[in-house]
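Source file final_29.txt; content: compact mmCIF, C-alpha atoms.
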```
# COMPACT_ATOMS: atom_id res chain seq x y z
CA MET A 89 0.00 0.00 0.00
CA HIS A 90 2.89 2.41 0.58
CA THR A 91 5.22 1.51 -2.31
CA GLY A 92 5.02 0.81 -6.01
CA LEU A 93 2.67 2.30 -8.61
CA TYR A 94 -1.01 1.40 -9.09
CA HIS A 95 -3.56 1.77 -11.89
CA ALA A 96 -6.83 0.25 -13.11
CA LEU A 97 -6.23 0.62 -16.86
CA ASP A 98 -7.93 -1.91 -19.13
CA PHE A 99 -5.68 -2.07 -22.19
CA ALA A 100 -8.14 -4.32 -24.05
CA ALA A 101 -11.13 -1.97 -23.70
CA ASP A 102 -12.30 -0.04 -26.75
CA GLY A 103 -13.49 3.55 -26.41
CA LYS A 104 -12.16 6.54 -24.55
CA SER A 105 -11.12 6.72 -20.90
CA LEU A 106 -9.35 9.01 -18.44
CA ASP A 107 -7.68 7.49 -15.38
CA PHE A 108 -4.60 7.97 -13.22
CA LEU A 109 -1.34 6.29 -12.35
CA SER A 110 -1.12 6.44 -8.55
CA ILE A 111 2.17 6.55 -6.64
CA PRO A 112 1.93 6.44 -2.82
CA PHE A 113 4.27 8.95 -1.17
CA SER A 114 3.68 10.13 2.37
CA VAL A 115 4.24 13.88 2.91
CA ASP A 116 3.90 16.16 5.93
CA ARG A 117 0.52 17.58 4.93
CA SER A 118 -0.95 14.22 3.84
CA PRO A 119 0.30 10.91 5.33
CA TYR A 120 -1.48 8.75 2.73
CA TYR A 121 -0.80 11.05 -0.22
CA GLN A 122 -0.62 9.61 -3.74
CA VAL A 123 0.94 11.29 -6.77
CA LYS A 124 -1.74 11.26 -9.47
CA VAL A 125 -0.50 11.11 -13.08
CA PRO A 126 -3.33 11.50 -15.61
CA VAL A 127 -3.38 8.86 -18.34
CA CYS A 128 -5.75 8.98 -21.30
CA ARG A 129 -6.64 6.02 -23.52
CA VAL A 130 -8.37 5.92 -26.91
CA ARG A 131 -8.77 2.53 -28.60
CA ASN A 132 -10.60 1.06 -31.58
CA GLY A 133 -9.60 -2.55 -32.10
CA ALA A 134 -6.29 -3.90 -33.32
CA GLY A 135 -3.84 -1.64 -35.11
CA PRO A 136 -0.92 0.69 -34.45
CA ARG A 137 -0.11 1.32 -30.78
CA VAL A 138 1.26 4.78 -29.98
CA LEU A 139 2.24 6.35 -26.66
CA LEU A 140 2.33 10.16 -26.59
CA MET A 141 3.89 11.82 -23.55
CA ALA A 142 4.70 15.36 -22.44
CA GLY A 143 5.62 16.93 -19.12
CA ASN A 144 8.67 14.70 -18.76
CA HIS A 145 10.07 18.06 -17.65
CA GLY A 146 7.39 20.16 -16.05
CA ASP A 147 8.18 23.55 -17.60
CA GLU A 148 7.88 22.47 -21.26
CA TYR A 149 4.38 23.35 -22.34
CA GLU A 150 3.68 22.78 -26.04
CA GLY A 151 3.24 19.04 -25.65
CA GLU A 152 1.34 19.34 -22.36
CA LEU A 153 -1.29 21.66 -23.83
CA LEU A 154 -1.65 19.92 -27.17
CA LEU A 155 -1.87 16.38 -25.81
CA GLY A 156 -4.73 17.47 -23.57
CA ARG A 157 -6.44 18.96 -26.61
CA LEU A 158 -5.76 15.82 -28.63
CA PHE A 159 -7.51 13.64 -26.04
CA ARG A 160 -10.57 15.89 -26.09
CA ARG A 161 -10.73 15.81 -29.90
CA LEU A 162 -9.96 12.18 -30.68
CA ASP A 163 -13.00 10.13 -31.69
CA PRO A 164 -12.46 6.37 -31.17
CA ALA A 165 -14.59 5.64 -34.24
CA ARG A 166 -12.11 7.55 -36.42
CA ILE A 167 -8.93 5.75 -35.40
CA ARG A 168 -7.44 2.30 -35.97
CA GLY A 169 -5.55 0.82 -33.05
CA GLU A 170 -4.82 2.58 -29.80
CA VAL A 171 -3.17 5.66 -28.36
CA THR A 172 -2.11 6.26 -24.77
CA ILE A 173 -1.63 9.91 -23.78
CA LEU A 174 0.34 11.22 -20.79
CA PRO A 175 -0.01 15.03 -20.99
CA ALA A 176 1.65 15.63 -17.59
CA THR A 177 3.98 12.67 -17.15
CA ASN A 178 6.00 14.06 -14.26
CA ALA A 179 2.88 15.59 -12.71
CA PRO A 180 4.52 17.11 -9.59
CA ALA A 181 7.02 18.95 -11.82
CA VAL A 182 4.22 20.18 -14.10
CA MET A 183 2.19 21.51 -11.18
CA ALA A 184 5.28 23.26 -9.78
CA ALA A 185 6.33 24.67 -13.19
CA ARG A 186 9.74 23.10 -12.68
CA ARG A 187 12.05 20.89 -14.71
CA ARG A 188 12.33 18.42 -11.81
CA SER A 189 9.84 17.08 -9.30
CA PRO A 190 9.64 19.07 -6.06
CA LEU A 191 8.87 15.83 -4.17
CA ASP A 192 12.23 14.14 -4.73
CA GLU A 193 14.14 16.53 -7.06
CA GLY A 194 13.79 13.79 -9.66
CA ASN A 195 14.56 14.55 -13.32
CA LEU A 196 12.44 11.93 -15.07
CA ASN A 197 14.54 12.06 -18.24
CA ARG A 198 17.58 11.06 -16.18
CA ALA A 199 15.80 8.44 -14.06
CA PHE A 200 15.44 5.45 -16.42
CA PRO A 201 15.43 2.46 -16.02
CA GLY A 202 14.01 3.50 -12.66
CA ASP A 203 13.53 1.65 -9.40
CA PRO A 204 10.20 0.06 -8.31
CA ALA A 205 11.13 0.70 -4.65
CA GLY A 206 12.57 4.18 -5.19
CA SER A 207 11.16 7.68 -4.85
CA PRO A 208 8.17 8.69 -7.04
CA THR A 209 10.18 9.76 -10.07
CA PHE A 210 12.13 6.51 -10.14
CA ARG A 211 9.02 4.38 -9.60
CA LEU A 212 7.36 6.16 -12.52
CA ALA A 213 10.42 5.65 -14.74
CA HIS A 214 10.45 1.94 -13.89
CA PHE A 215 6.75 1.56 -14.74
CA LEU A 216 7.17 3.39 -18.05
CA GLU A 217 10.18 1.40 -19.24
CA HIS A 218 9.12 -2.03 -18.00
CA GLU A 219 5.32 -1.99 -18.28
CA LEU A 220 3.89 0.85 -20.38
CA PHE A 221 6.45 1.31 -23.18
CA PRO A 222 6.45 -2.40 -24.16
CA ARG A 223 2.68 -2.24 -24.79
CA HIS A 224 3.27 0.16 -27.70
CA ASP A 225 5.02 0.25 -31.07
CA VAL A 226 6.10 3.91 -30.94
CA VAL A 227 6.79 6.29 -28.05
CA PHE A 228 6.72 10.04 -28.84
CA ASP A 229 8.11 12.15 -25.98
CA LEU A 230 7.56 15.90 -26.54
CA HIS A 231 10.01 18.40 -25.04
CA SER A 232 11.06 22.03 -25.31
CA GLY A 233 13.91 24.14 -23.97
CA GLY A 234 12.09 24.81 -20.71
CA THR A 235 12.38 27.96 -18.65
CA SER A 236 16.10 28.55 -19.12
CA MET A 237 16.74 27.63 -22.77
CA ALA A 238 15.86 28.72 -26.29
CA HIS A 239 15.91 25.73 -28.62
CA LEU A 240 15.82 25.30 -32.38
CA PRO A 241 12.51 23.61 -33.24
CA CYS A 242 13.56 20.10 -34.18
CA ALA A 243 12.70 16.43 -33.94
CA LEU A 244 15.05 14.03 -32.17
CA ILE A 245 15.99 10.38 -32.06
CA GLU A 246 18.80 8.56 -30.33
CA ARG A 247 21.11 6.13 -32.09
CA GLN A 248 19.66 2.97 -30.57
CA GLY A 249 18.80 -0.59 -31.54
CA THR A 250 19.24 -2.43 -34.83
CA PRO A 251 19.82 -0.79 -38.24
CA ASP A 252 16.23 -1.64 -39.23
CA ARG A 253 14.83 0.03 -36.13
CA LEU A 254 17.04 3.10 -36.61
CA GLY A 255 15.91 3.32 -40.22
CA ARG A 256 12.26 3.24 -39.17
CA ALA A 257 12.91 5.84 -36.47
CA LEU A 258 14.53 8.12 -39.06
CA GLU A 259 11.58 7.60 -41.40
CA LEU A 260 9.06 8.55 -38.72
CA MET A 261 11.15 11.49 -37.55
CA GLN A 262 11.27 12.86 -41.09
CA ALA A 263 7.51 12.39 -41.41
CA LEU A 264 6.90 14.85 -38.55
CA GLY A 265 7.37 17.83 -40.88
CA MET A 266 9.90 19.64 -38.69
CA PRO A 267 12.61 21.78 -40.32
CA TYR A 268 15.40 20.04 -38.39
CA GLY A 269 15.96 16.62 -36.89
CA PHE A 270 18.94 15.58 -34.84
CA VAL A 271 20.44 12.29 -33.78
CA ALA A 272 21.82 12.11 -30.24
CA GLU A 273 24.65 9.79 -29.21
CA ASN A 274 23.71 8.85 -25.65
CA GLY A 275 24.42 5.12 -25.60
CA ALA A 276 22.33 2.04 -24.85
CA THR A 277 22.47 2.50 -21.08
CA ALA A 278 21.43 6.18 -21.13
CA PRO A 279 18.91 7.30 -18.46
CA THR A 280 16.64 8.95 -21.06
CA SER A 281 13.17 8.04 -22.29
CA MET A 282 14.52 7.33 -25.78
CA ALA A 283 17.07 4.82 -24.49
CA ALA A 284 14.33 3.34 -22.29
CA ALA A 285 12.11 2.91 -25.34
CA ALA A 286 14.92 1.10 -27.16
CA ARG A 287 15.50 -1.20 -24.20
CA ALA A 288 11.75 -1.91 -24.18
CA GLY A 289 11.94 -2.93 -27.85
CA VAL A 290 9.96 0.00 -29.28
CA ILE A 291 10.75 2.98 -31.50
CA GLY A 292 11.41 6.22 -29.64
CA ILE A 293 10.84 9.66 -31.18
CA SER A 294 11.27 12.97 -29.39
CA GLY A 295 11.75 16.63 -30.20
CA GLU A 296 12.32 20.13 -28.91
CA PHE A 297 9.39 22.36 -29.83
CA GLY A 298 9.97 25.68 -28.08
CA GLY A 299 11.52 27.18 -24.98
CA GLY A 300 11.48 29.96 -22.47
CA GLY A 301 8.77 28.45 -20.28
CA THR A 302 6.03 29.64 -22.64
CA VAL A 303 4.35 28.81 -25.96
CA THR A 304 3.88 30.85 -29.14
CA PRO A 305 1.57 30.44 -32.13
CA GLU A 306 4.57 29.21 -34.12
CA THR A 307 5.72 26.60 -31.60
CA MET A 308 2.16 25.35 -31.07
CA ALA A 309 1.72 25.02 -34.85
CA TYR A 310 4.98 23.05 -35.22
CA THR A 311 3.98 20.73 -32.40
CA ALA A 312 0.41 20.18 -33.59
CA ARG A 313 1.63 19.32 -37.08
CA ALA A 314 4.23 16.90 -35.72
CA ILE A 315 1.66 15.03 -33.60
CA ASP A 316 -0.81 14.85 -36.48
CA ASN A 317 1.84 13.71 -38.94
CA LEU A 318 3.06 10.92 -36.65
CA LEU A 319 -0.46 9.54 -36.14
CA ILE A 320 -1.03 9.61 -39.90
CA ALA A 321 2.40 8.08 -40.68
CA VAL A 322 1.80 5.03 -38.47
CA GLY A 323 -1.74 4.55 -39.84
CA LEU A 324 -3.64 5.39 -36.65
CA THR A 325 -5.56 8.28 -38.26
CA ASP A 326 -6.27 9.34 -41.84
CA ALA A 327 -6.42 13.11 -41.35
CA PRO A 328 -5.09 15.81 -39.00
CA VAL A 329 -6.81 16.10 -35.63
CA LEU A 330 -5.05 19.16 -34.18
CA ALA A 331 -4.15 21.32 -37.18
CA ALA A 332 -5.61 22.16 -40.53
CA SER A 333 -3.71 20.65 -43.45
CA GLY A 334 -0.99 23.02 -44.58
CA PRO A 335 1.63 23.14 -47.33
CA ALA A 336 4.14 20.32 -47.51
CA ALA A 337 7.13 20.85 -45.26
CA ALA A 338 10.58 21.41 -46.73
CA PRO A 339 13.01 18.47 -46.50
CA MET A 340 14.34 17.99 -42.97
CA GLN A 341 17.95 18.96 -42.27
CA LEU A 342 19.49 16.21 -40.16
CA LEU A 343 21.86 17.22 -37.38
CA GLN A 344 24.27 15.31 -35.14
CA LEU A 345 25.28 15.89 -31.53
CA ASP A 346 28.26 13.69 -30.70
CA SER A 347 30.88 15.78 -28.89
CA HIS A 348 31.07 18.01 -25.82
CA ARG A 349 33.16 20.36 -27.99
CA GLN A 350 29.91 21.37 -29.71
CA ALA A 351 28.90 23.30 -26.58
CA ILE A 352 30.39 26.23 -24.68
CA TYR A 353 30.11 26.04 -20.89
CA ALA A 354 30.55 28.71 -18.24
CA LEU A 355 33.69 28.13 -16.18
CA ARG A 356 32.84 30.64 -13.46
CA ARG A 357 30.05 32.99 -12.36
CA GLY A 358 29.27 35.58 -15.03
CA TRP A 359 26.70 37.09 -17.40
CA PHE A 360 26.35 35.71 -20.93
CA GLU A 361 25.65 37.89 -23.98
CA PRO A 362 25.07 35.85 -27.17
CA ALA A 363 26.39 37.05 -30.51
CA VAL A 364 24.17 34.70 -32.54
CA ASP A 365 20.78 33.07 -32.03
CA VAL A 366 19.40 29.59 -32.62
CA GLY A 367 19.35 28.62 -36.28
CA ALA A 368 22.54 30.50 -37.17
CA ARG A 369 25.18 28.66 -39.22
CA VAL A 370 28.62 29.15 -37.72
CA ALA A 371 32.20 28.08 -38.40
CA ALA A 372 34.83 26.98 -35.89
CA GLY A 373 36.38 30.11 -34.46
CA ASP A 374 33.32 32.30 -35.02
CA LEU A 375 32.26 34.57 -32.19
CA ALA A 376 29.61 32.91 -30.00
CA GLY A 377 29.19 35.72 -27.49
CA TRP A 378 30.72 37.53 -24.56
CA PHE A 379 31.01 36.63 -20.88
CA HIS A 380 30.79 39.61 -18.54
CA ASP A 381 31.90 39.91 -14.91
CA LEU A 382 29.82 42.55 -13.12
CA THR A 383 32.01 42.19 -10.02
CA ARG A 384 35.13 43.28 -11.94
CA LEU A 385 34.05 46.28 -13.96
CA ASP A 386 37.62 47.23 -14.79
CA GLN A 387 38.09 43.97 -16.75
CA PRO A 388 36.87 43.62 -20.36
CA GLU A 389 34.26 41.04 -21.21
CA GLU A 390 35.63 37.69 -22.44
CA GLU A 391 35.08 36.66 -26.05
CA LEU A 392 33.69 33.15 -26.46
CA ARG A 393 34.28 31.33 -29.77
CA PHE A 394 32.85 28.14 -31.21
CA GLN A 395 35.16 25.13 -31.26
CA GLU A 396 33.07 23.32 -33.89
CA ALA A 397 31.14 24.36 -36.99
CA GLY A 398 27.43 23.73 -37.34
CA ILE A 399 23.98 25.16 -36.71
CA VAL A 400 23.20 26.76 -33.34
CA ILE A 401 20.69 24.43 -31.78
CA SER A 402 20.25 25.94 -28.31
CA ARG A 403 21.34 28.84 -26.13
CA ARG A 404 20.89 29.83 -22.53
CA LEU A 405 18.12 32.38 -21.95
CA HIS A 406 19.23 33.43 -18.47
CA SER A 407 22.17 35.80 -18.78
CA ASP A 408 23.23 35.18 -15.16
CA SER A 409 25.28 31.97 -15.29
CA GLU A 410 27.30 29.74 -13.00
CA ALA A 411 30.21 27.38 -13.65
CA GLY A 412 28.88 24.36 -15.54
CA ASP A 413 25.96 26.08 -17.26
CA CYS A 414 25.69 25.32 -20.99
CA LEU A 415 25.69 28.70 -22.71
CA ILE A 416 25.31 27.78 -26.37
CA GLN A 417 25.50 24.64 -28.49
CA VAL A 418 25.90 23.74 -32.16
CA ALA A 419 24.92 20.58 -34.03
CA ARG A 420 26.68 19.22 -37.10
CA PRO A 421 24.69 18.85 -40.35
CA VAL A 422 24.74 15.25 -41.63
CA GLU A 423 23.21 13.15 -44.38
CA GLU A 424 20.88 10.21 -43.77
CA ALA A 425 23.28 7.78 -45.43
CA GLY A 426 26.00 8.68 -42.95
CA ILE A 427 23.72 7.98 -39.99
CA LEU A 428 22.56 4.60 -41.31
CA ALA A 429 26.09 3.53 -42.31
CA ARG A 430 27.39 3.52 -38.74
CA GLY A 431 27.29 0.27 -36.82
CA LEU A 432 24.64 -0.38 -34.18
CA THR A 433 24.17 -2.91 -31.44
CA ALA A 434 21.87 -5.84 -32.04
CA ASP A 435 18.71 -6.38 -29.98
```
What is this file in structure tokens?
Amino acid sequence: MHTGLYHALDFAADGKSLDFLSIPFSVDRSPYYQVKVPVCRVRNGAGPRVLLMAGNHGDEYEGELLLGRLFRRLDPARIRGEVTILPATNAPAVMAARRRSPLDEGNLNRAFPGDPAGSPTFRLAHFLEHELFPRHDVVFDLHSGGTSMAHLPCALIERQGTPDRLGRALELMQALGMPYGFVAENGATAPTSMAAAARAGVIGISGEFGGGGTVTPETMAYTARAIDNLLIAVGLTDAPVLAASGPAAAPMQLLQLDSHRQAIYALRRGWFEPAVDVGARVAAGDLAGWFHDLTRLDQPEEELRFQEAGIVISRRLHSDSEAGDCLIQVARPVEEAGILARGLTAD
């Protein structure tokens, strides 16, 4: 009664339902408190099985808002298969408008494979990787830059699994209609949802759809189109549910993140002034920005220069920075053939 994670979901039931994942966690104000994570199900017989999740980090809102809207709009009679929707996956973080849970300081996207006897974040991660992910064919985890980061709108996959599975992940990522897509090199044992999906034997897709702890008409449109396009690409729906059909997207530019040299980090307390914004193409040696020290006004600001060429994929929004903060990051443009040619581990 005081450990684990509980639910009453009927995965064989057709129709539409709203329920909760319940995680017991005693707190000062409520000895028998349970974390309640909303989970939505829409099913119409056999067919594609898709899990959509947002709120992995609580302050990333495009996915949270649009997945709630998707649940309200989906008609079971107009789909084939089933979709599970977690609009506020790390619910305590969502309610606190924080990246991490205030209950245990847990970062869900660094908590996989989880621990069934751990704190709430780790129990949730264990349930997702070992019980919920394996019930699906595709997991789509929607992110953004959160409160402190501006991020280039882009889809994301990790280099995981067999060549066939990577090829299918690339195909689905390109179907989202995003201008950019990048491939992360995090390794098979990574604590992320995408690595967890691979370990569960399913295809993992993710993306960064905004930033700054807010949403805009542009970021909401990107995200709505990506969700619609994924559901259409896997054959779960025939037409958009969230967005009106628009013009065909331009071909996706694939990007690679595979080196810490692609980022510039603060080495001490200071104030960052960027020289370029997300989306800029830069060469090695180009000016990235300046680092100011407001406690030493007689000293000039420090020039920061890129070590690697590429496209600026993210930058810190908070000027005030501490040692270890990532200030700005570039990703390397790549071709699909180069990604598929590299060796992968077998299942």
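The two atoms in question, CA of Thr277 (chain A) and CA of Leu196 (chain A), are spaced 15.0 Å apart.
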Distance of CA of Thr235 (chain A) from CA of Leu319 (chain A), expressed in Å to one decimal place: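 The value is 28.5 Å.
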Distance query 12 Å from (4.2, 15.5, -37.3) using only C-alpha atoms, result as a ChimeraX atom specification: /A:228,230,242-243,259-267,269,293-295,297,308-322,327-331,333-334,336-337,340
Residue nearest Pro201 (chain A) among A:Ile416, A:Val370, A:Met282, A:Leu139 (counting only C-alpha atoms):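 Comparing A:Ile416, A:Val370, A:Met282, A:Leu139 against Pro201 (chain A), the winner is A:Met282.
Using all atoms listed in the file, the shortest contact distance between Ala363 (chain A) and any of A:Leu415, A:Met141, A:Ala332, A:Leu342 is found at A:Leu415.
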Please report as CSV every residue of region 180-239 of chain A lying within 6 Å of region 142-154 of chain A, along with the nearest atom pair and their distance in Å (one decimal), using all atoms listed in the file.
```
residue,atom,partner,partner_atom,distance
A:Ala181,CA,A:Gly146,CA,4.4
A:Val182,CA,A:Gly146,CA,3.7
A:Ala185,CA,A:Asp147,CA,4.9
A:Arg186,CA,A:Gly146,CA,5.1
A:Arg187,CA,A:His145,CA,4.5
A:Leu196,CA,A:Asn144,CA,6.0
A:Asp229,CA,A:Ala142,CA,5.9
A:Leu230,CA,A:Ala142,CA,5.0
A:His231,CA,A:Glu148,CA,5.9
A:Ser232,CA,A:Glu148,CA,5.2
A:Gly234,CA,A:Glu148,CA,4.8
```
Take the residues that were just selected and, keeping C-alpha atoms, output them as a PDB file, keeping the file's coordinate frame.
```
ATOM      1  CA  ALA A 181       7.020  18.950 -11.820  1.00  0.00           C
ATOM      2  CA  VAL A 182       4.220  20.180 -14.100  1.00  0.00           C
ATOM      3  CA  ALA A 185       6.330  24.670 -13.190  1.00  0.00           C
ATOM      4  CA  ARG A 186       9.740  23.100 -12.680  1.00  0.00           C
ATOM      5  CA  ARG A 187      12.050  20.890 -14.710  1.00  0.00           C
ATOM      6  CA  LEU A 196      12.440  11.930 -15.070  1.00  0.00           C
ATOM      7  CA  ASP A 229       8.110  12.150 -25.980  1.00  0.00           C
ATOM      8  CA  LEU A 230       7.560  15.900 -26.540  1.00  0.00           C
ATOM      9  CA  HIS A 231      10.010  18.400 -25.040  1.00  0.00           C
ATOM     10  CA  SER A 232      11.060  22.030 -25.310  1.00  0.00           C
ATOM     11  CA  GLY A 234      12.090  24.810 -20.710  1.00  0.00           C
TER      12      GLY A 234
END
```
Distance in Å - CA of Ala286 (chain A) versus CA of Ser110 (chain A):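 According to the coordinates, CA of Ala286 (chain A) and CA of Ser110 (chain A) are separated by 25.1 Å.
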Test item: residues at most 6 Å from Gln417 (chain A), all atoms listed in the file, excluding those fewer than 5 positions along its chain, as a list in words: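 The residues satisfying every condition are Gln350, Ala351, Val400, Ile401 and Ser402 of chain A.
The neighbours of Gly298 (chain A) here are the residues that come within 7 Å of it, using only C-alpha atoms and leaving out any residue fewer than 6 positions away in the same chain; they are Ser232, Gly233, Ala238, His239, Pro241 and Thr307 of chain A.
Residues in contact range of Leu93 (chain A), defined as at most 10 Å between only C-alpha atoms, with sequence neighbours fewer than 5 positions away removed, read A:Leu109, A:Ser110, A:Ile111, A:Pro112, A:Gln122, A:Val123, A:Pro204, A:Ala205, A:Pro208, A:Arg211, A:Leu212, A:His214, A:Phe215.
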Test item: which residues lie within 9 Å of (-3.5, 3.1, -37.1) counting only C-alpha atoms, as a ChimeraX atom specification: /A:134-138,167-170,319-326
